[in-house]
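Shown next, in structure tokens, is the structure this report addresses.
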Amino acid sequence: MLISSRTPLRVSFFGGGTDYPEYYERHRGAVVGMAIDKYVYISALELTDFIEYKYRVSYSRLEMVQELSEIEHPVVRNVLTHYKIEAALDLSIAADMPARSGLGSSSSFTVGMINLINALRGTSVTKLDLGREAVFVERHLLRERVGVQDQLHAAFGGINRFDFTEKRIRISPLQLTGQSLRMLTGSLLLLHTGVSRFASETLDEQMVKTVSRKNDEDLSHLLTLCDQAVDVLEGEDPEVMIRDFGAMIHDGWMTKRRLSDKVSSPKIDELYDHALACGALGGKLCGAGSGGFLLMVVPPEVQPKFLAQLGDVRVIRIGLDTQGSTILRS
């Protein structure tokens with residue numbers, strides 16, 4: 001039987017940077033964001049014993065090996081080893097969006113891989129289990145410098161506020177009216193910057209400033225925006241909501257740019273300013289920064305003029321995922 005996991009990508013609205021243990025172990029952290037209807041898919045098929053290889057892993061390249069230690073894909077190798085998977089497997093990986101785009105694809109992949117392996121083992125896991133185990137894999141097995149919001153968005157789906165303290169994670173789904181939800185999702189556009197980004201350099205500088213507390217004032221402001229965002233998004237008037245949301249997300253982006261000199265670039269700033277001039281209410285670069293996609297807030301009635309004036313920029317519409325990482329069987 002072919003078993004697959006489907007795991008959503010995400011857009012983060014507010015609070016990015018406060019979801020790192022380097023920050024929330026001494027201050028409270030919080031983020032507000034949304035899982036989107038763009039996905040990472042991982043399929044697994046158990047192989048018979050007489051095939052010439054034991055593990056076949058298909059992604060942007062093809063691996064066929066006999067031993068787990070020979071698998072070069074770091075997440076696949078570490079997850080299979082950690083969960084002591086001995087069955088011969090054919091794994092195929094596909095995604096709706098390119099990697100290194102700032103949409104949390106690495107964490108979505110890790111969550112989906114863990115969900116898939118537990119399905120193969122017949123083990124039931126909660127969405128919180130999935131998020132926590134993905135954080136363990138990324139931060140402790142892979143030694144990656146990542147926050148802990150992407151894994152939770154991927155596991156839970158929906159629009160959520162996540163609060164972090166040294167000992168606890170609290171998940172609070174936002175309560176939007178139907179009209180406000182339609183206005184929000186109908187106003188979100190992804191603009192491709194044309195830059196494929198590697199977050200490590202940006203995060204290295206940001207973490208140095210976070211550990212030395214040089215970023216505390218800006219991170220505190222991003223946390224304040226999280227508190228305000230819940231009230232704004234849960235408001236009754238969708239037009240007021242989207243206007244205030246656009247202004248706040250612009251405020252957050254101006255603040256985030258101060259966390260590291262590498263968060264933005266002249267090319268990205270030029271595209272952002274052009275999008276504002278075309279009618280966007282605000283926006284931000286997705287992920288740690290330095291490339292990938294700009295998330296812009298453009299009310300539906302403005303979009304025809306916005307798209308006509310924007311020029312030769314790839315634009316992608318996104319919707320809401322409400323399920324989080326799921327298992328599909330065929």
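So you can find residues: chains in the structure tokens are A, B, ... in the order shown, residues in each start at 1, and ligands are numbered from 1 in order.
Summary of the local environment: counting only C-alpha atoms, residues at most 6 Å from Tyr39 in chain A, other than itself and those fewer than 2 positions away along its chain, are Thr7, Pro8, Leu9, Ala95 and Asp96 of chain A.
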Keeping C-alpha atoms for every residue in the selection just given, could you write it to a file as an mmCIF file, in the first residue's frame?
data_model
loop_
_atom_site.group_PDB
_atom_site.id
_atom_site.type_symbol
_atom_site.label_atom_id
_atom_site.label_comp_id
_atom_site.auth_asym_id
_atom_site.auth_seq_id
_atom_site.Cartn_x
_atom_site.Cartn_y
_atom_site.Cartn_z
ATOM 1 C CA THR A 7 1.821 18.897 4.936
ATOM 2 C CA PRO A 8 1.053 22.602 4.456
ATOM 3 C CA LEU A 9 3.503 25.452 4.083
ATOM 4 C CA ALA A 95 6.106 20.092 -3.348
ATOM 5 C CA ASP A 96 3.824 22.800 -4.699
#
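Residues in contact range of Glu133 in chain A, defined as at most 12 Å between only C-alpha atoms, with sequence neighbours fewer than 5 positions away removed, read A:Val79, A:His82, A:Tyr83, A:Ser107, A:Thr110, A:Val111, A:Gly112, A:Met113, A:Ile114, A:Asn115, A:Ile117, A:Asn118, A:Val125, A:Thr126, A:Lys127, A:Leu128, A:Glu138, A:Arg139, A:His140, A:Leu141, A:Val148, A:Gln151, A:Leu152, A:Ala155.
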For N, CA and C atoms, I'd like the residues from the last selection saved as a PDB file, in the first residue's frame.
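The new file out30.pdb reads:
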ATOM      1  N   VAL A  79      15.643  10.943  10.397  1.00  0.00           N
ATOM      2  CA  VAL A  79      14.348  10.467  10.871  1.00  0.00           C
ATOM      3  C   VAL A  79      14.279   8.950  10.824  1.00  0.00           C
ATOM      4  N   HIS A  82      16.527   7.674  13.635  1.00  0.00           N
ATOM      5  CA  HIS A  82      15.992   7.968  14.965  1.00  0.00           C
ATOM      6  C   HIS A  82      14.832   7.040  15.313  1.00  0.00           C
ATOM      7  N   TYR A  83      13.975   6.751  14.330  1.00  0.00           N
ATOM      8  CA  TYR A  83      12.824   5.893  14.582  1.00  0.00           C
ATOM      9  C   TYR A  83      13.116   4.412  14.323  1.00  0.00           C
ATOM     10  N   SER A 107      10.698  22.774   7.518  1.00  0.00           N
ATOM     11  CA  SER A 107       9.975  22.255   8.681  1.00  0.00           C
ATOM     12  C   SER A 107       8.742  21.470   8.263  1.00  0.00           C
ATOM     13  N   THR A 110       9.942  18.085   7.445  1.00  0.00           N
ATOM     14  CA  THR A 110      10.267  17.302   8.634  1.00  0.00           C
ATOM     15  C   THR A 110       9.006  16.807   9.319  1.00  0.00           C
ATOM     16  N   VAL A 111       8.009  17.676   9.460  1.00  0.00           N
ATOM     17  CA  VAL A 111       6.732  17.272  10.057  1.00  0.00           C
ATOM     18  C   VAL A 111       6.089  16.161   9.231  1.00  0.00           C
ATOM     19  N   GLY A 112       6.059  16.329   7.918  1.00  0.00           N
ATOM     20  CA  GLY A 112       5.456  15.320   7.052  1.00  0.00           C
ATOM     21  C   GLY A 112       6.187  13.995   7.106  1.00  0.00           C
ATOM     22  N   MET A 113       7.502  14.042   7.192  1.00  0.00           N
ATOM     23  CA  MET A 113       8.299  12.814   7.276  1.00  0.00           C
ATOM     24  C   MET A 113       8.009  12.073   8.577  1.00  0.00           C
ATOM     25  N   ILE A 114       7.943  12.793   9.668  1.00  0.00           N
ATOM     26  CA  ILE A 114       7.651  12.160  10.959  1.00  0.00           C
ATOM     27  C   ILE A 114       6.231  11.593  10.970  1.00  0.00           C
ATOM     28  N   ASN A 115       5.287  12.332  10.417  1.00  0.00           N
ATOM     29  CA  ASN A 115       3.911  11.843  10.346  1.00  0.00           C
ATOM     30  C   ASN A 115       3.832  10.567   9.513  1.00  0.00           C
ATOM     31  N   ILE A 117       6.263   8.356   8.876  1.00  0.00           N
ATOM     32  CA  ILE A 117       6.926   7.235   9.535  1.00  0.00           C
ATOM     33  C   ILE A 117       6.056   6.668  10.647  1.00  0.00           C
ATOM     34  N   ASN A 118       5.393   7.531  11.394  1.00  0.00           N
ATOM     35  CA  ASN A 118       4.496   7.032  12.436  1.00  0.00           C
ATOM     36  C   ASN A 118       3.318   6.273  11.833  1.00  0.00           C
ATOM     37  N   VAL A 125      -0.114   9.713  16.748  1.00  0.00           N
ATOM     38  CA  VAL A 125       0.547  10.891  17.302  1.00  0.00           C
ATOM     39  C   VAL A 125      -0.405  12.078  17.216  1.00  0.00           C
ATOM     40  N   THR A 126      -0.322  12.954  18.193  1.00  0.00           N
ATOM     41  CA  THR A 126      -1.123  14.169  18.151  1.00  0.00           C
ATOM     42  C   THR A 126      -0.393  15.218  17.315  1.00  0.00           C
ATOM     43  N   LYS A 127      -1.104  16.274  16.972  1.00  0.00           N
ATOM     44  CA  LYS A 127      -0.472  17.361  16.220  1.00  0.00           C
ATOM     45  C   LYS A 127       0.612  18.042  17.050  1.00  0.00           C
ATOM     46  N   LEU A 128       0.407  18.131  18.359  1.00  0.00           N
ATOM     47  CA  LEU A 128       1.448  18.694  19.215  1.00  0.00           C
ATOM     48  C   LEU A 128       2.675  17.800  19.228  1.00  0.00           C
ATOM     49  N   GLU A 138      15.054  18.893  14.038  1.00  0.00           N
ATOM     50  CA  GLU A 138      15.756  20.003  13.402  1.00  0.00           C
ATOM     51  C   GLU A 138      16.803  20.635  14.309  1.00  0.00           C
ATOM     52  N   ARG A 139      16.446  20.846  15.570  1.00  0.00           N
ATOM     53  CA  ARG A 139      17.357  21.573  16.452  1.00  0.00           C
ATOM     54  C   ARG A 139      18.414  20.671  17.089  1.00  0.00           C
ATOM     55  N   HIS A 140      18.068  19.428  17.365  1.00  0.00           N
ATOM     56  CA  HIS A 140      18.988  18.569  18.108  1.00  0.00           C
ATOM     57  C   HIS A 140      19.681  17.517  17.250  1.00  0.00           C
ATOM     58  N   LEU A 141      18.966  16.907  16.314  1.00  0.00           N
ATOM     59  CA  LEU A 141      19.613  15.912  15.454  1.00  0.00           C
ATOM     60  C   LEU A 141      20.348  16.583  14.295  1.00  0.00           C
ATOM     61  N   VAL A 148      10.609  27.691  16.359  1.00  0.00           N
ATOM     62  CA  VAL A 148       9.704  26.563  16.603  1.00  0.00           C
ATOM     63  C   VAL A 148       8.279  26.840  16.128  1.00  0.00           C
ATOM     64  N   GLN A 151       7.153  24.429  12.495  1.00  0.00           N
ATOM     65  CA  GLN A 151       6.746  23.052  12.733  1.00  0.00           C
ATOM     66  C   GLN A 151       5.305  22.984  13.246  1.00  0.00           C
ATOM     67  N   LEU A 152       4.923  23.953  14.063  1.00  0.00           N
ATOM     68  CA  LEU A 152       3.574  23.962  14.623  1.00  0.00           C
ATOM     69  C   LEU A 152       2.536  24.346  13.581  1.00  0.00           C
ATOM     70  N   ALA A 155       2.026  21.302  11.455  1.00  0.00           N
ATOM     71  CA  ALA A 155       1.319  20.212  12.129  1.00  0.00           C
ATOM     72  C   ALA A 155      -0.160  20.528  12.336  1.00  0.00           C
TER      73      ALA A 155
END
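Remark: for Asp312 in chain A, the closest of the candidate residues A:Gly291, A:Thr193, A:Ser43, A:Ile36 is A:Thr193 (distances computed over only C-alpha atoms).
Residue nearest Ser264 in chain A, chosen from A:Ala154, A:Leu276, A:Val195, A:Ile318 and counting only C-alpha atoms: A:Val195.
In this structure, CA of Glu72 in chain A sits 22.4 Å away from CA of Arg6 in chain A.
Using only C-alpha atoms, the protein and nucleic acid residues lying no more than 10 Å from Ala87 in chain A, apart from those fewer than 3 places from it along its own chain, are Leu45, Glu46, Leu47, Thr48, Asp49, Lys54, Tyr55, Leu80, Lys84, Asp90 and Leu120 of chain A.
Backbone DSSP assigns alpha helix (DSSP H) in range 249-327 of chain A to Ile249, His250, Asp251, Gly252, Trp253, Met254, Thr255, Lys256, Pro266, Lys267, Ile268, Asp269, Glu270, Leu271, Tyr272, Asp273, His274, Ala275, Leu276, Ala277, Gln303, Pro304, Lys305, Phe306, Leu307, Ala308, Gln309 and Leu310 of chain A.
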Per residue of range 287-321 of chain A within 9 Å of range 236-258 of chain A, what are the shortest atom pair and its distance in Å to one decimal, counting only C-alpha atoms, with rows by chain and residue number, as a tab-separated table?
residue	atom	partner	partner_atom	distance
A:Gly289	CA	A:Arg257	CA	8.5
A:Met296	CA	A:Gly246	CA	8.3
A:Val297	CA	A:Gly246	CA	5.8
A:Val298	CA	A:Gly246	CA	8.2
A:Pro299	CA	A:Ile242	CA	7.4
Have a look at CA of Val32 in chain A and CA of Pro300 in chain A and let me know their distance in Å, one decimal.
22.4 Å
